[in-house]
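These notes concern the structure reproduced below.
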Amino acid sequence: MTDIPLDTMVRAAAPARRDIGLKARYAAERRFRIYGVLAISVGLAFLAIMLITIVSKGYTAFWQTTVTLPINFDEKIIDPSNKRATDPDVLIKANYPKLADKALMAKLGIDPSNKPMALKLKGFLSEGARVQLRDIVVADPSVIGTTRNVDILAAANLDSAFKGQIDLNVEEARRKVSDQQIAWMNQLKADGTMAEHFNKGLFTYGASSRPETSGMGVAIIGSFYMMVIVLLLALPIGVAASIYLEEFAKKNRFTDLIEVNINNLAAVPSIVFGLLGLAVFINFLGMPRSAAFVGGLVLTLMTLPTIIIATRAALAAVPPSIRSAALGLGASKMQMVFQHILPLAAPGILTGTIIGLARALGETAPLLLIGMVAFVADYPKTPFDPATALPVQIYMWANEAERAFVERMSGAIIILLVFLMAMNITAIVLRRRFERRW
Amino acid sequence: MNKFLLTASAAALALAASSGFAAARDQIQVAGSSTVLPYAKIVAEQFGETFTKFKTPVVESGGSGAGIKEFCKGVGEDTIDIANSSRPIKKDEIKSCADAGVKDIQEVRIGYDGIVFATDIKGPDWALVPADIYKALAAKLVVDGKLVDNPNTKWSQVNPKLPDWDIAAYIPGEKHGTREVFETKLLDAGCDKAAIKATGISDDKEIGKTCIAIRKDGKAVDIDGDYTETLARIDSNKTGVGVFGLAFYENNADKLKVASVEDVVPSTETIASGKYPVSRPLFFYVKKAHLGVVPGLKEYVEFFLDDQMIGPESPLAEYGLVSAPDAERQSQRDAFAAGKTM
């Protein structure tokens, strides 16, 4: 076809005005654009609603109420019979909560002999004070006999009350904090003893039955172990498999069958991989339950198809001229793949891998069956120790009865979303930076 | 790059194959009932804090049935040590346990849990009897001597004293241990068996089945998740009635109003004394073969059974567990110390 300018064509074809439905066609296009805008706004609105609910419920989780008390590490309470030199157990089993209670009573001006009043203090300070004070003493026994200011966590209900999350108009018997405790709380708030601090514990504590001492520490470590394992296993296996399938394997019935299967596997519900993991890794190979290592293996199985599909697409997108040029200059097929095709396909492969990892990071269903949906308080030292994962911790907290876990759950969701967003942004940046167009 | 890829994957595979997972387990593993989970968590946490030489036990949730199934997989370090359960272990479960080599099981009863009906806090007071529940929720009722589909749509039709609300009940789903208690203590108890018999069904088993069949027209909703989900349903439907555990209700007493059953208001006292009719014992099962093998297992069970944990003024009682009477707690401790198996 020779090049005739468009406008001459139109003029030649339309000597007289004909009704070609121009109006209707423009109207159709406008309608279609409106539908598109509507679809996007509905999507954005749902996203906004989700983010607003989560953030409004969860931002308070990043603050925790503490009571700063001058704790007198009284030898009479910690080690009344002075046996700590011979029996180190004394320092572990000592009555530490009493130290905190004494300091609090002194602060509030309550006479310790006034038993009914002292009883009302129950549930003001966190039970976690025992471990907190014990750790101070065990780390440095010379502290005994001295007085030191310690930030003691307020109990979860007081924390909720301090943040204004408990409806104080409900009659006293029906809520978890008494009027007396509220009065004390306001007294301590006024003199600055009780205040909100950044909740470091949310990132460092393991699981706990007490909201104020529960955190995502174990879950973050567990998720980290699993992501490392997924990356170490899924990336090399996935890339090797796709290079072979895309560049070396003959196209025949068998490779077609493999391709269909890979596409199918990518769509299999993740719980199925959990069942597989339970049967193969735990029951057959005898690996430990609840371990991040097994979780990583299961998630590797789940991520592999995604990575293979993304890698194959990236390899296929490299123009054939580059292959021909490399081969034409005398490169072997392997040299062609590794020195020319793979570097060009790398941005696509990385994007696929990061998206696969992000999906694996958000999975709970396969972990349920291998025992990772569990209460794990101790830090996992190796990937073979019991651990949980970020989404599992969210699920566990969602099932708790105490009010204070609600904000922690939303806080945990915010943390998970930040991780996911960071990963997806990395994927986009990598693609933008290294992507090459032909 | 290719060398790197090959070595990396080879190293990872070698790690997978030869890793140290054969090393001895030094952490107690517990699985089972989601009702027992909060109690087990409290005990596990305090156990870890008190006995610094042992690790904190790992407690999985997942339901009584799933926990017992895991428990019955066999004996050895790759199987769990304790199964929590909100119902007694069944005969066929004991048999499947024995088939897998788990012959010696020690049963431990930790206390009781009450099942309560609750509505939104702004609603009127409710006084229920089992017959009300049966009439409102059964699939089929006897009307004029004939077994027909449940015609009741409002609570006031069931019992004029109840509010004029559409029937909407959120009850535990079939995988929950709570469901069984709900069926036996309420539906079966409230069922008019003679009337069903009069319609011509003579087989007692068939009558029992008819009694506990729940209507499927959307007025009774099975909740397969936890009580949090039931609470959310009540939040969105202010005239709904939900079934909760006593502990959960007490933790959310500022949002929920509890119904009395047979004029008894559920509380730890009325459940312990047996006055409140809808309660159940909570258990855990210990693999005897693991005692002395898994470090801390014996100490954990003893710690759990201590009055410090399950007595009337213990942390578990504070959370909502109804303590067993003194004599029963002592007999549980004695039975465990004596190594009594099922």
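Each chain of the structure tokens is named A, B, ... in the order shown, its residues numbered from 1; ligands are numbered from 1 in display order.
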Using only C-alpha atoms and a distance of at most 9 Å, pull out the residues of chain A that contact chain B, as a short mmCIF file (atom, residue, chain, number, x, y, z; two decimals) with N, CA and C atoms, in the first residue's frame.
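Now in out35.cif:
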```cif
data_model
loop_
_atom_site.label_atom_id
_atom_site.label_comp_id
_atom_site.auth_asym_id
_atom_site.auth_seq_id
_atom_site.Cartn_x
_atom_site.Cartn_y
_atom_site.Cartn_z
N ILE A 92 15.15 -15.92 90.71
CA ILE A 92 14.15 -16.17 89.67
C ILE A 92 12.75 -16.23 90.26
N LYS A 93 12.64 -16.82 91.44
CA LYS A 93 11.31 -17.05 92.00
C LYS A 93 10.83 -15.94 92.92
N ARG A 130 6.65 -8.82 86.59
CA ARG A 130 7.47 -9.86 87.22
C ARG A 130 8.71 -10.15 86.39
N VAL A 131 8.50 -10.42 85.12
CA VAL A 131 9.62 -10.77 84.25
C VAL A 131 10.52 -9.55 84.01
N ILE A 166 -12.44 2.58 76.33
CA ILE A 166 -13.47 1.93 77.14
C ILE A 166 -14.56 2.94 77.44
N ASP A 167 -15.79 2.55 77.19
CA ASP A 167 -16.93 3.44 77.41
C ASP A 167 -17.19 3.53 78.90
N VAL A 170 -20.83 3.07 80.77
CA VAL A 170 -21.42 1.79 81.13
C VAL A 170 -21.25 1.61 82.64
N GLU A 171 -22.22 0.95 83.27
CA GLU A 171 -22.14 0.82 84.72
C GLU A 171 -20.87 0.06 85.13
N ALA A 173 -19.92 -2.31 87.10
CA ALA A 173 -19.79 -3.76 87.21
C ALA A 173 -19.58 -4.43 85.86
N ARG A 174 -19.95 -3.75 84.79
CA ARG A 174 -19.89 -4.38 83.48
C ARG A 174 -18.61 -4.07 82.74
N ARG A 175 -17.75 -3.26 83.33
CA ARG A 175 -16.48 -3.04 82.63
C ARG A 175 -15.31 -3.57 83.44
N LYS A 176 -14.18 -3.62 82.75
CA LYS A 176 -13.04 -4.30 83.35
C LYS A 176 -12.19 -3.37 84.21
N ALA A 207 4.66 -14.07 71.37
CA ALA A 207 3.24 -14.19 71.67
C ALA A 207 3.07 -14.22 73.18
N SER A 208 1.94 -13.72 73.66
CA SER A 208 1.67 -13.73 75.08
C SER A 208 0.16 -13.74 75.29
N SER A 209 -0.27 -14.20 76.46
CA SER A 209 -1.70 -14.16 76.74
C SER A 209 -2.08 -12.78 77.27
N ARG A 210 -1.08 -11.97 77.60
CA ARG A 210 -1.36 -10.61 78.08
C ARG A 210 -1.15 -9.65 76.91
N ILE A 229 14.36 -18.75 52.98
CA ILE A 229 14.32 -20.11 52.43
C ILE A 229 13.63 -20.12 51.07
N LEU A 232 16.04 -18.64 48.54
CA LEU A 232 17.17 -19.52 48.24
C LEU A 232 16.75 -20.72 47.40
N LEU A 233 15.54 -21.22 47.64
CA LEU A 233 15.12 -22.43 46.92
C LEU A 233 14.35 -22.10 45.64
N ALA A 234 13.36 -21.22 45.76
CA ALA A 234 12.45 -21.01 44.63
C ALA A 234 13.14 -20.28 43.48
N LEU A 235 14.01 -19.30 43.79
CA LEU A 235 14.61 -18.53 42.71
C LEU A 235 15.50 -19.40 41.82
N PRO A 236 16.51 -20.09 42.39
CA PRO A 236 17.34 -20.92 41.49
C PRO A 236 16.56 -22.03 40.80
N ILE A 237 15.70 -22.71 41.52
CA ILE A 237 14.97 -23.81 40.89
C ILE A 237 14.05 -23.28 39.81
N VAL A 239 14.19 -20.39 38.13
CA VAL A 239 14.88 -19.83 36.97
C VAL A 239 15.47 -20.94 36.12
N ALA A 240 16.09 -21.92 36.78
CA ALA A 240 16.68 -23.04 36.01
C ALA A 240 15.60 -23.77 35.23
N ILE A 282 6.59 -33.50 56.98
CA ILE A 282 6.47 -33.83 58.41
C ILE A 282 6.25 -35.33 58.61
N ASN A 283 5.24 -35.88 57.92
CA ASN A 283 4.94 -37.29 58.18
C ASN A 283 5.95 -38.23 57.54
N GLY A 286 9.83 -36.65 58.43
CA GLY A 286 10.03 -36.50 59.86
C GLY A 286 10.63 -35.17 60.29
N MET A 287 10.33 -34.11 59.55
CA MET A 287 10.82 -32.80 59.97
C MET A 287 9.97 -32.29 61.14
N PRO A 288 10.49 -31.33 61.92
CA PRO A 288 9.75 -30.88 63.10
C PRO A 288 8.50 -30.10 62.73
N ARG A 289 7.48 -30.21 63.60
CA ARG A 289 6.26 -29.42 63.42
C ARG A 289 6.54 -27.97 63.76
N SER A 290 5.70 -27.09 63.25
CA SER A 290 5.72 -25.66 63.59
C SER A 290 7.02 -24.95 63.21
N PHE A 293 11.40 -23.70 58.87
CA PHE A 293 12.01 -24.37 57.72
C PHE A 293 10.96 -25.09 56.88
N LEU A 297 9.65 -24.38 53.06
CA LEU A 297 9.57 -25.37 51.98
C LEU A 297 8.18 -25.36 51.34
N PHE A 338 23.16 -17.31 29.20
CA PHE A 338 23.62 -16.70 30.44
C PHE A 338 24.26 -15.34 30.25
N GLN A 339 24.86 -15.09 29.06
CA GLN A 339 25.52 -13.80 28.89
C GLN A 339 24.63 -12.77 28.22
N LEU A 368 -1.27 -23.46 58.55
CA LEU A 368 -2.17 -24.04 59.55
C LEU A 368 -1.89 -25.53 59.72
N GLY A 371 1.31 -26.75 61.49
CA GLY A 371 1.44 -26.42 62.91
C GLY A 371 2.05 -25.07 63.20
N MET A 372 2.05 -24.16 62.23
CA MET A 372 2.63 -22.85 62.52
C MET A 372 1.62 -21.85 63.02
N VAL A 373 0.33 -22.22 63.00
CA VAL A 373 -0.67 -21.35 63.62
C VAL A 373 -0.69 -21.75 65.09
N ALA A 374 0.19 -21.17 65.86
CA ALA A 374 0.39 -21.64 67.23
C ALA A 374 0.82 -20.50 68.13
N PHE A 375 0.73 -20.76 69.42
CA PHE A 375 1.20 -19.82 70.42
C PHE A 375 2.68 -20.10 70.64
N VAL A 376 3.54 -19.23 70.16
CA VAL A 376 4.98 -19.43 70.32
C VAL A 376 5.53 -18.21 71.03
N ALA A 377 6.05 -18.43 72.25
CA ALA A 377 6.53 -17.31 73.05
C ALA A 377 8.03 -17.12 72.91
N ASP A 378 8.77 -18.20 72.70
CA ASP A 378 10.24 -18.10 72.65
C ASP A 378 10.71 -17.78 71.24
N PHE A 384 14.73 -24.27 62.49
CA PHE A 384 14.11 -25.55 62.85
C PHE A 384 13.33 -25.46 64.15
N ASP A 385 13.40 -24.31 64.82
CA ASP A 385 12.62 -24.12 66.04
C ASP A 385 11.21 -23.65 65.68
N PRO A 386 10.24 -23.93 66.57
CA PRO A 386 8.88 -23.46 66.30
C PRO A 386 8.84 -21.94 66.14
N ALA A 387 8.06 -21.50 65.19
CA ALA A 387 7.90 -20.07 64.96
C ALA A 387 6.52 -19.84 64.37
N ALA A 398 -6.86 -11.96 66.14
CA ALA A 398 -8.25 -11.70 65.77
C ALA A 398 -9.19 -12.59 66.58
N ASN A 399 -8.67 -13.71 67.07
CA ASN A 399 -9.52 -14.65 67.80
C ASN A 399 -9.52 -14.42 69.30
N GLU A 400 -8.81 -13.40 69.76
CA GLU A 400 -8.72 -13.19 71.20
C GLU A 400 -9.96 -12.49 71.73
N ALA A 401 -10.28 -12.75 72.99
CA ALA A 401 -11.47 -12.16 73.59
C ALA A 401 -11.21 -10.75 74.10
N GLU A 402 -9.99 -10.45 74.56
CA GLU A 402 -9.73 -9.15 75.18
C GLU A 402 -9.75 -8.04 74.14
N ARG A 403 -10.28 -6.89 74.60
CA ARG A 403 -10.42 -5.74 73.73
C ARG A 403 -9.07 -5.25 73.21
#
```
**Message:** I need the residues of segment 11-141 of chain A that end up classed as strand (DSSP E) by DSSP on the backbone, written out as JSON, numbers by chain.
**Reply:** {"A": [63, 64, 65, 66, 67, 68, 69, 70, 71, 72]}
Residue selection dump (C-alpha atoms) as a PDB file, in the first residue's frame:
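result_33.pdb was written with the following content:
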```pdb
ATOM      1  CA  TRP A  63       1.700   3.452  71.731  1.00  0.00           C
ATOM      2  CA  GLN A  64       1.688   1.749  75.087  1.00  0.00           C
ATOM      3  CA  THR A  65       0.851   3.232  78.458  1.00  0.00           C
ATOM      4  CA  THR A  66       3.570   2.867  81.052  1.00  0.00           C
ATOM      5  CA  VAL A  67       3.861   3.900  84.667  1.00  0.00           C
ATOM      6  CA  THR A  68       7.251   5.245  85.701  1.00  0.00           C
ATOM      7  CA  LEU A  69       7.858   4.146  89.264  1.00  0.00           C
ATOM      8  CA  PRO A  70      10.855   4.451  91.567  1.00  0.00           C
ATOM      9  CA  ILE A  71      11.325   0.751  92.319  1.00  0.00           C
ATOM     10  CA  ASN A  72      13.178  -0.011  95.515  1.00  0.00           C
TER      11      ASN A  72
END
```
**Fill in**
Separating atom CA of Glu302 of chain B from atom CA of Arg333 of chain B, to the nearest tenth of an Å, is a gap of 7.4 Å
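Considering only C-alpha atoms, the residue among B:Val322, B:Val116, B:Ile28, B:Met342 positioned nearest to Gly296 of chain B is B:Ile28.
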**Item:** Selection: 8 Å around segment 270-281 of chain A, only C-alpha atoms, excl. self and same-chain fewer than 5 positions, as a count of residues only
**Value:** 15
**Message:** Give me, as a list in words, all polymer residues having an atom no more than 10 Å from Ala389 of chain A, counting only C-alpha atoms and skipping those fewer than 4 positions away in the same chain.
**Reply:** Met216, Gly217, Val218, Ala219, Ile220, Ile221, Gly222, Ser223, Phe224, Tyr225, Met226, Ala292, Gly295, Leu361, Gly362, Glu363, Thr364, Leu367, Met372, Val373, Ala374, Gln393, Ile394 and Tyr395 of chain A
**Asked** Near segment 263-273 of chain B, counting only C-alpha atoms, which residues have an atom at most 10 Å away, once you skip same-chain residues fewer than 4 positions from it, shown as a PyMOL selection string?
**Response** chain B and resi 111-117+126-129+246-247+250+258-259+277-280+312+317-318+320-325
**Test item, helix (DSSP H, G or I) assignment across segment 46-158 of chain B, answer as a ChimeraX atom specification** = /B:46-50,64-71,91-99,130-137,155-158
**Spatial neighbours of Ala154 of chain A, 7 Å, only C-alpha atoms, chain gap at least 2 places, as a list in words** =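 Within the cut-off, the hits are Thr65, Thr66, Val67, Phe124, Leu125, Ser126, Ile152, Ala156, Leu158 and Asp159 of chain A.
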**Message:** Just the number, please: distance in Å from atom CA of Lys102 of chain A to atom CA of Arg148 of chain A, one decimal.
**Reply:**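 Here the two named atoms are 13.5 Å from each other.
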**Complete:** What separates atom CA of Asn152 of chain B and atom CA of Lys122 of chain B is a distance of 24.2 Å
**Asked** So, counting only C-alpha atoms, which residue among B:Val36, B:Val142, B:Ala337, B:Val102 is closest to Ala289 of chain B?
**Response** B:Val102
